[in-house]
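Visitor: Quick one: the structure is below, and I'll ask about it shortly.
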Amino acid sequence: MTEKKQDKLPVSQMIGFALNGCGSSCIAGIMGGFLTIYLTDNLLLSMGFITAMMTAARIINAVTEGLSGFLIDMTHTKIGKARPWILGTAFFVALPVFLIFNTPTSFSPTGRMIWVFVNYLLHVAVFGADNRAATLLIKITSNSVERAKVTNLGGLLGQISNLIVSAYGVPVLMYFGGYEKGYFGLSLIFCSIGFILPFLTGIICRETPEVWAEAAQQLSAARKRPSLPVKTQLKYVFGCKYALSLFGMFLTYNFAGMIFGSMAIYFLRDVLGDAGYMTQISYAKLVPGILCCLFGIVPIANAKLGKRKVLVLGSLFQVVGYALMIVPNLVFVLIGNAVYGIGSAFFGVLLGTATADVADYINLKNKTDLSGLSTSIAQFGMRFGMLLGSVGVAAVLAIGGYSGEAANAGLAQSSFTRVMETVGYAVIPLVCSILLVLFSSRMDADKEVANMRKEGAE
């Protein structure tokens with residue numbers, strides 16, 4: 001099937017798909033920016049518990065991600081394969097996050113740990129595993145140019161959400177009074193957005209008949225052979241030559257993003273001396289990315305240079321940005337965040353389309369439809385990256401001897417603690433970005449898919 005002009009997505013479909021990224025960014029923003037500090041400073045939970053909780057949840061999630069991929073591939077409804085899962089899980093992805101940030105203070109320490117762990121598990125490993133916008137992207141269009149455009153719009157709205165959460169999360173928290181009331185207001189606002197917008201994605205987006213037709217052809221060819229056992233499906237998906245690179249890209253990108261975002265408030269407050277810098281830093285980081293998406297620079301670069309080169313370029317920008325942030329000076333940190341923001345826009349926009357390319361490659365090569373399971377490669381990488389990031393934050397703070405009691409009392413952290421906060425904020429993400437360059441240099445799935453479709457049409 002070739003890419004034709006009639007493959008273009010209506011604007012309504014593009015906006016509908018982009019809303020999911022906007023809502024998801026609100027949830028990710030408060031989880032990445034406020035969860036650890038809420039657990040340590042408000043609930044006074046130990047870093048050991050936080051590390052164990054996040055590790056257990058992500059390990060369980062490794063199993064549920066694979067199961068959800070199988071379930072999506074086995075789903076056959078009038079509204080498609082991915083849409084039912086987005087509609088069915090949107091509310092239950094957001095609810096546990098709200099409940100975490102509203103843990104009853106009347107509970108004993110053990111009761112608080114149980115409450116937080118159960119809700120974190122529900123968010124990460126149960127309902128979060130089934131919300132598959134990546135599979136929906138595969139099903140709404142097979143045109144790689146249109147995929148770049150729709151993910152660019154999603155990146156734009158996602159960056160705006162990130163800016164709002166990062167720049168105004170602390171002011172919103174303080175507006176409602178800080179502490180329990182502050183977190184109630186903060187979580188109510190952003191969790192509501194995190195539910196409503198993805199739900200609208202499920203309502204607005206339509207899985208196109210053209211993509212259904214290609215899937216039907218693949219399934220028809222598959223039915224002429226013996227039914228695929230699970231072992232064979234796993235071999236097709238995880239034995240794909242692009243699987244390791246895709247997994248590595250998602251793992252390192254999300255690991256860097258998680259530890260970078262979570263350590264920001266510690267770094268700004270303790271190293272630069274003022275948590276209020278968060279607003280300036282957020283603007284410096286996100287406005288350049290927003291402008292890149294607003295003017296469609298990423299899709300243009302993708303069309304001119306090719307996906308692989310743009311992914312590498314985005315990774316290199318992130319390398320330079322993180323390197324500048326190592327210098328404990330506000331000006332260097334602001335410039336570093338701006339450079340990082342450009343790189344993140346380039347890389348983040350095309351990362352989702354790379355997932356779709358790899359899924360198309362697996363489907364066309366093996367003449368079957370394993371779109372749900374194929375997106376599990378990216379989901380595994382993302383979840384493990386977030387796991388490592390969460391554990392990394394806890395480990396950095398524990399090694400540095402961070403004291404939540406000292407923070408509550410307005411006392412300064414030790415000099416070694418501040419050094420470790422810098423390591424978590426900039427040095428570790430810098431190493432991850434160097435790895436991103438290597439992984440991105442191997443991602444050529446889109447070119448192979450285009451050739452396979454061309455050969456199939458001849």
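Here, A, B, ... name the chains of the structure tokens in the order displayed, residue numbers run from 1 inside each chain, and ligands are numbered from 1 in the same displayed order.
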If you count only C-alpha atoms, which residues fall within 6 Å of segment 436-448 of chain A, apart from same-chain ones fewer than 2 positions away, as an NGL selection string?
Guide: :A and (245 or 249 or 308 or 311-312 or 315 or 357-358 or 433-434 or 450-451)
Visitor: Identify, on the basis of only C-alpha atoms, every residue whose closest approach to Phe416 of chain A does not exceed 10 Å; exclude the query and any residue fewer than 2 positions from it along the same chain; express the result as a tab-separated table (two decimals) with C-alpha atoms, in the first residue's frame.
Guide:
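File produced: result_27.tsv:
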```tsv
chain	number	residue	atom	x	y	z
A	399	ILE	CA	23.56	8.17	48.50
A	400	GLY	CA	23.69	11.93	48.95
A	401	GLY	CA	22.16	11.68	52.42
A	402	TYR	CA	19.13	13.85	51.62
A	413	GLN	CA	21.39	20.11	52.69
A	414	SER	CA	25.03	19.03	52.94
A	418	ARG	CA	24.07	19.05	46.55
A	419	VAL	CA	26.77	17.40	44.43
A	420	MET	CA	24.64	14.27	44.10
A	421	GLU	CA	21.61	16.37	43.18
A	422	THR	CA	23.68	17.84	40.32
```
Visitor: Using DSSP on the backbone coordinates, identify the residues of segment 57-89 of chain A assigned to alpha helix (DSSP H); present them as a short mmCIF file (atom, residue, chain, number, x, y, z; two decimals) with all heavy atoms, in the first residue's frame.
Guide:
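states-v6.cif, written as the output of this step:
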```
data_model
loop_
_atom_site.label_atom_id
_atom_site.label_comp_id
_atom_site.auth_asym_id
_atom_site.auth_seq_id
_atom_site.Cartn_x
_atom_site.Cartn_y
_atom_site.Cartn_z
N ALA A 57 6.45 -2.34 41.18
CA ALA A 57 5.40 -1.96 40.23
C ALA A 57 5.87 -2.11 38.79
O ALA A 57 5.13 -2.59 37.92
CB ALA A 57 4.95 -0.53 40.49
N ARG A 58 7.10 -1.71 38.51
CA ARG A 58 7.61 -1.79 37.13
C ARG A 58 7.88 -3.23 36.71
O ARG A 58 7.72 -3.58 35.55
CB ARG A 58 8.89 -0.95 37.00
CG ARG A 58 8.70 0.53 37.28
CD ARG A 58 7.73 1.18 36.33
NE ARG A 58 7.55 2.59 36.63
CZ ARG A 58 6.70 3.39 36.01
NH1 ARG A 58 5.93 2.92 35.05
NH2 ARG A 58 6.60 4.66 36.35
N ILE A 59 8.30 -4.06 37.66
CA ILE A 59 8.52 -5.48 37.33
C ILE A 59 7.18 -6.14 36.97
O ILE A 59 7.07 -6.87 35.98
CB ILE A 59 9.19 -6.21 38.51
CG1 ILE A 59 10.64 -5.73 38.66
CG2 ILE A 59 9.16 -7.72 38.29
CD1 ILE A 59 11.33 -6.28 39.89
N ILE A 60 6.16 -5.87 37.77
CA ILE A 60 4.82 -6.39 37.46
C ILE A 60 4.34 -5.83 36.13
O ILE A 60 3.71 -6.52 35.32
CB ILE A 60 3.84 -6.04 38.59
CG1 ILE A 60 4.26 -6.75 39.89
CG2 ILE A 60 2.40 -6.42 38.21
CD1 ILE A 60 3.48 -6.31 41.11
N ASN A 61 4.66 -4.56 35.90
CA ASN A 61 4.25 -3.91 34.65
C ASN A 61 4.87 -4.57 33.43
O ASN A 61 4.27 -4.58 32.34
CB ASN A 61 4.63 -2.43 34.70
CG ASN A 61 4.21 -1.67 33.48
OD1 ASN A 61 5.01 -0.95 32.88
ND2 ASN A 61 2.96 -1.79 33.08
N ALA A 62 6.07 -5.14 33.60
CA ALA A 62 6.70 -5.83 32.47
C ALA A 62 5.84 -6.98 31.98
O ALA A 62 5.79 -7.28 30.78
CB ALA A 62 8.08 -6.34 32.89
N VAL A 63 5.14 -7.62 32.90
CA VAL A 63 4.24 -8.72 32.54
C VAL A 63 2.95 -8.18 31.93
O VAL A 63 2.48 -8.65 30.89
CB VAL A 63 3.93 -9.59 33.77
CG1 VAL A 63 2.94 -10.69 33.41
CG2 VAL A 63 5.21 -10.19 34.34
N THR A 64 2.38 -7.15 32.58
CA THR A 64 1.09 -6.64 32.11
C THR A 64 1.19 -5.95 30.76
O THR A 64 0.22 -5.93 30.00
CB THR A 64 0.48 -5.68 33.14
OG1 THR A 64 1.40 -4.60 33.39
CG2 THR A 64 0.20 -6.41 34.45
N GLU A 65 2.35 -5.37 30.45
CA GLU A 65 2.52 -4.75 29.13
C GLU A 65 2.38 -5.79 28.02
O GLU A 65 1.71 -5.57 27.01
CB GLU A 65 3.89 -4.07 29.01
CG GLU A 65 4.02 -2.77 29.77
CD GLU A 65 3.16 -1.66 29.22
OE1 GLU A 65 2.58 -1.82 28.12
OE2 GLU A 65 3.05 -0.63 29.88
N GLY A 66 3.05 -6.93 28.21
CA GLY A 66 2.94 -7.99 27.21
C GLY A 66 1.52 -8.52 27.09
O GLY A 66 1.01 -8.75 25.98
N LEU A 67 0.86 -8.71 28.23
CA LEU A 67 -0.52 -9.20 28.21
C LEU A 67 -1.45 -8.22 27.50
O LEU A 67 -2.32 -8.63 26.73
CB LEU A 67 -1.00 -9.44 29.64
CG LEU A 67 -0.35 -10.59 30.40
CD1 LEU A 67 -0.86 -10.63 31.84
CD2 LEU A 67 -0.63 -11.92 29.71
N SER A 68 -1.26 -6.93 27.76
CA SER A 68 -2.13 -5.94 27.11
C SER A 68 -1.90 -5.93 25.60
O SER A 68 -2.84 -5.70 24.82
CB SER A 68 -1.89 -4.55 27.70
OG SER A 68 -0.60 -4.07 27.38
N GLY A 69 -0.67 -6.17 25.17
CA GLY A 69 -0.40 -6.24 23.73
C GLY A 69 -1.15 -7.39 23.08
O GLY A 69 -1.77 -7.23 22.01
N PHE A 70 -1.13 -8.56 23.72
CA PHE A 70 -1.90 -9.70 23.21
C PHE A 70 -3.40 -9.38 23.18
O PHE A 70 -4.10 -9.72 22.23
CB PHE A 70 -1.67 -10.93 24.09
CG PHE A 70 -0.36 -11.62 23.85
CD1 PHE A 70 0.62 -11.65 24.82
CD2 PHE A 70 -0.09 -12.24 22.63
CE1 PHE A 70 1.84 -12.28 24.61
CE2 PHE A 70 1.13 -12.88 22.39
CZ PHE A 70 2.09 -12.90 23.40
N LEU A 71 -3.90 -8.72 24.24
CA LEU A 71 -5.32 -8.41 24.32
C LEU A 71 -5.75 -7.46 23.20
O LEU A 71 -6.81 -7.63 22.59
CB LEU A 71 -5.65 -7.79 25.68
CG LEU A 71 -5.61 -8.75 26.87
CD1 LEU A 71 -5.77 -7.97 28.17
CD2 LEU A 71 -6.69 -9.82 26.75
N ILE A 72 -4.92 -6.46 22.93
CA ILE A 72 -5.26 -5.52 21.85
C ILE A 72 -5.28 -6.24 20.51
O ILE A 72 -6.16 -6.00 19.67
CB ILE A 72 -4.26 -4.34 21.84
CG1 ILE A 72 -4.48 -3.46 23.06
CG2 ILE A 72 -4.41 -3.51 20.56
CD1 ILE A 72 -3.48 -2.35 23.22
N ASP A 73 -4.31 -7.11 20.27
CA ASP A 73 -4.28 -7.84 19.00
C ASP A 73 -5.49 -8.77 18.84
O ASP A 73 -5.92 -9.06 17.72
CB ASP A 73 -2.99 -8.65 18.89
CG ASP A 73 -1.77 -7.77 18.62
OD1 ASP A 73 -1.95 -6.69 18.03
OD2 ASP A 73 -0.66 -8.16 19.00
N MET A 74 -6.04 -9.23 19.95
CA MET A 74 -7.20 -10.12 19.90
C MET A 74 -8.53 -9.35 19.93
O MET A 74 -9.59 -9.95 19.85
CB MET A 74 -7.17 -11.11 21.07
CG MET A 74 -6.04 -12.12 20.98
SD MET A 74 -6.16 -13.42 22.24
CE MET A 74 -5.85 -12.47 23.73
N ARG A 83 -9.07 1.82 20.21
CA ARG A 83 -9.98 2.80 20.80
C ARG A 83 -10.71 2.28 22.04
O ARG A 83 -10.85 3.02 23.03
CB ARG A 83 -11.01 3.27 19.76
CG ARG A 83 -10.44 4.19 18.70
CD ARG A 83 -11.52 4.59 17.71
NE ARG A 83 -12.53 5.43 18.33
CZ ARG A 83 -13.77 5.55 17.85
NH1 ARG A 83 -14.15 4.88 16.78
NH2 ARG A 83 -14.64 6.35 18.45
N PRO A 84 -11.21 1.04 22.04
CA PRO A 84 -11.92 0.57 23.24
C PRO A 84 -11.05 0.62 24.49
O PRO A 84 -11.54 0.92 25.59
CB PRO A 84 -12.30 -0.87 22.89
CG PRO A 84 -12.32 -0.91 21.39
CD PRO A 84 -11.24 0.02 20.96
N TRP A 85 -9.77 0.36 24.32
CA TRP A 85 -8.87 0.35 25.47
C TRP A 85 -8.59 1.76 25.97
O TRP A 85 -8.46 1.98 27.19
CB TRP A 85 -7.56 -0.34 25.10
CG TRP A 85 -7.77 -1.80 24.83
CD1 TRP A 85 -7.93 -2.40 23.61
CD2 TRP A 85 -7.88 -2.84 25.80
NE1 TRP A 85 -8.13 -3.75 23.76
CE2 TRP A 85 -8.10 -4.05 25.09
CE3 TRP A 85 -7.81 -2.87 27.19
CZ2 TRP A 85 -8.25 -5.26 25.74
CZ3 TRP A 85 -7.97 -4.08 27.84
CH2 TRP A 85 -8.18 -5.26 27.12
N ILE A 86 -8.50 2.72 25.07
CA ILE A 86 -8.30 4.10 25.48
C ILE A 86 -9.53 4.63 26.22
O ILE A 86 -9.43 5.24 27.28
CB ILE A 86 -7.96 4.99 24.26
CG1 ILE A 86 -6.59 4.60 23.70
CG2 ILE A 86 -7.98 6.46 24.63
CD1 ILE A 86 -6.18 5.35 22.47
N LEU A 87 -10.71 4.35 25.65
CA LEU A 87 -11.95 4.80 26.28
C LEU A 87 -12.16 4.13 27.64
O LEU A 87 -12.61 4.77 28.60
CB LEU A 87 -13.14 4.47 25.37
CG LEU A 87 -13.26 5.31 24.09
CD1 LEU A 87 -14.30 4.70 23.15
CD2 LEU A 87 -13.63 6.75 24.43
N GLY A 88 -11.81 2.86 27.72
CA GLY A 88 -12.07 2.10 28.94
C GLY A 88 -11.11 2.37 30.08
O GLY A 88 -11.44 2.11 31.24
N THR A 89 -9.92 2.87 29.77
CA THR A 89 -8.92 3.03 30.82
C THR A 89 -8.60 4.47 31.20
O THR A 89 -7.91 4.70 32.18
CB THR A 89 -7.59 2.35 30.41
OG1 THR A 89 -7.10 2.98 29.21
CG2 THR A 89 -7.78 0.86 30.16
#
```
Visitor: So which one's closest to Met325 of chain A, A:Val126, A:Leu370, A:Ile281, A:Ala426? Using only C-alpha atoms, please.
Guide: A:Ala426
Visitor: Find the residues around Gln13 of chain A up to 8 Å (only C-alpha atoms counted), leave out those fewer than 5 positions away in its own chain, and share them as a ChimeraX atom specification.
Guide: /A:204-206
Visitor: Store the residues picked out above, limited to all heavy atoms, as a PDB file, in the first residue's frame.
Guide:
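The resulting file, again_8.pdb, is shown below:
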```
ATOM      1  N   ILE A 204     -13.013  10.895  19.458  1.00  0.00           N
ATOM      2  CA  ILE A 204     -12.811  11.625  18.195  1.00  0.00           C
ATOM      3  C   ILE A 204     -12.124  10.774  17.135  1.00  0.00           C
ATOM      4  O   ILE A 204     -12.519  10.788  15.957  1.00  0.00           O
ATOM      5  CB  ILE A 204     -12.007  12.914  18.448  1.00  0.00           C
ATOM      6  CG1 ILE A 204     -12.799  13.866  19.348  1.00  0.00           C
ATOM      7  CG2 ILE A 204     -11.649  13.595  17.124  1.00  0.00           C
ATOM      8  CD1 ILE A 204     -12.003  15.066  19.822  1.00  0.00           C
ATOM      9  N   CYS A 205     -11.071  10.050  17.507  1.00  0.00           N
ATOM     10  CA  CYS A 205     -10.261   9.341  16.515  1.00  0.00           C
ATOM     11  C   CYS A 205     -10.996   8.145  15.928  1.00  0.00           C
ATOM     12  O   CYS A 205     -11.773   7.473  16.613  1.00  0.00           O
ATOM     13  CB  CYS A 205      -8.940   8.877  17.129  1.00  0.00           C
ATOM     14  SG  CYS A 205      -7.778  10.229  17.408  1.00  0.00           S
ATOM     15  N   ARG A 206     -10.732   7.882  14.670  1.00  0.00           N
ATOM     16  CA  ARG A 206     -11.332   6.748  13.965  1.00  0.00           C
ATOM     17  C   ARG A 206     -10.220   5.901  13.349  1.00  0.00           C
ATOM     18  O   ARG A 206      -9.328   6.432  12.688  1.00  0.00           O
ATOM     19  CB  ARG A 206     -12.268   7.226  12.833  1.00  0.00           C
ATOM     20  CG  ARG A 206     -13.466   8.041  13.334  1.00  0.00           C
ATOM     21  CD  ARG A 206     -14.482   7.167  14.041  1.00  0.00           C
ATOM     22  NE  ARG A 206     -15.672   7.907  14.404  1.00  0.00           N
ATOM     23  CZ  ARG A 206     -15.848   8.552  15.557  1.00  0.00           C
ATOM     24  NH1 ARG A 206     -14.870   8.564  16.445  1.00  0.00           N
ATOM     25  NH2 ARG A 206     -16.970   9.191  15.821  1.00  0.00           N
TER      26      ARG A 206
END
```
Visitor: My list of candidates is A:Gln379, A:Asn337, A:Ser371, A:Thr353. Which is closest to Leu251 of chain A when distances are computed with only C-alpha atoms?
Guide: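 Under the stated criterion, the closest residue is A:Gln379.
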Visitor: Which residue, A:Gly348, A:Gly273, A:Pro96, A:Pro328, has the smallest gap to Gly314 of chain A when you use only C-alpha atoms?
Guide: A:Gly348
Visitor: Using only C-alpha atoms for the distances, tell me which of A:Val116, A:Met263, A:Val327, A:Leu200 is nearest to Met278 of chain A.
Guide: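 Of all the options, A:Met263 lies closest to Met278 of chain A.
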Visitor: Quick one: residues within 12 Å of Val431 of chain A, only C-alpha atoms counted, chain neighbours fewer than 2 positions away excluded, as a PyMOL selection string?
Guide: chain A and resi 252-253+255-256+315-316+318-323+423-429+433-438
Visitor: Those residues with C-alpha atoms, as a short mmCIF file (atom, residue, chain, number, x, y, z; two decimals), in the first residue's frame please?
Guide:
```cif
data_model
loop_
_atom_site.label_atom_id
_atom_site.label_comp_id
_atom_site.auth_asym_id
_atom_site.auth_seq_id
_atom_site.Cartn_x
_atom_site.Cartn_y
_atom_site.Cartn_z
CA THR A 252 17.26 5.84 27.92
CA TYR A 253 14.97 8.75 26.91
CA PHE A 255 15.13 7.25 32.24
CA ALA A 256 16.81 10.58 31.55
CA SER A 315 19.90 13.41 20.67
CA LEU A 316 22.95 15.61 20.07
CA GLN A 318 20.15 16.96 24.37
CA VAL A 319 23.81 16.04 24.94
CA VAL A 320 24.87 19.69 24.65
CA GLY A 321 21.98 20.87 26.82
CA TYR A 322 22.73 18.52 29.69
CA ALA A 323 26.45 19.32 29.50
CA VAL A 423 24.69 14.34 39.25
CA GLY A 424 21.03 13.29 39.13
CA TYR A 425 19.86 16.45 37.41
CA ALA A 426 22.47 16.70 34.64
CA VAL A 427 25.30 14.13 34.63
CA ILE A 428 23.25 10.93 34.46
CA PRO A 429 20.88 12.35 31.78
CA SER A 433 21.70 11.19 25.73
CA ILE A 434 25.02 9.92 24.43
CA LEU A 435 23.48 6.44 24.31
CA LEU A 436 20.47 7.90 22.47
CA VAL A 437 22.78 9.01 19.67
CA LEU A 438 23.99 5.44 19.23
#
```
Visitor: Cys240 of chain A: which residues within 10 Å, counting only C-alpha atoms, same-chain residues fewer than 6 positions away excluded, as an NGL selection string?
Guide: :A and (234 or 358-359 or 361-362 or 365 or 374)
Visitor: From the set A:Leu186, A:Met113, A:Met174, A:Cys293, which residue has the shortest atom-to-atom contact distance to Thr40 of chain A, counting only C-alpha atoms?
Guide: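 Answer, going by the shortest atom-to-atom distance: A:Met113.
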Visitor: For Lys241 of chain A, which residue out of A:Ile377, A:Leu294, A:Ile259, A:Phe107 is the nearest one, using only C-alpha atoms?
Guide: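 Nearest to Lys241 of chain A: A:Ile377.
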Visitor: Set the distance at 9 Å and use only C-alpha atoms: which residues neighbour Ala148 of chain A once local chain neighbours fewer than 4 positions away are removed? I'd like the list as a PyMOL selection string.
Guide: chain A and resi 143-144+152-153+298-299+302+349-350+352-353
Visitor: Would you mind reading off the distance between atom CA of Leu388 of chain A and atom CA of Asn162 of chain A, one decimal, in Å?
Guide: 21.0 Å
Visitor: Considering only C-alpha atoms, tabulate each residue of segment 50-140 of chain A that lies at most 9 Å from segment 26-34 of chain A along with its nearest interatomic pair and the corresponding distance in Å to one decimal; arrange the rows by chain and ascending residue number and present them as CSV.
Guide:
```
residue,atom,partner,partner_atom,distance
A:Val93,CA,A:Ile27,CA,8.8
A:Ala94,CA,A:Ile27,CA,7.0
A:Val97,CA,A:Ile27,CA,7.6
```
Visitor: Rounded to one decimal place, report the atom CA of Phe17 of chain A-atom CA of Ile196 of chain A distance in Å.
Guide: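 Calculated distance between atom CA of Phe17 of chain A and atom CA of Ile196 of chain A is 12.9 Å.
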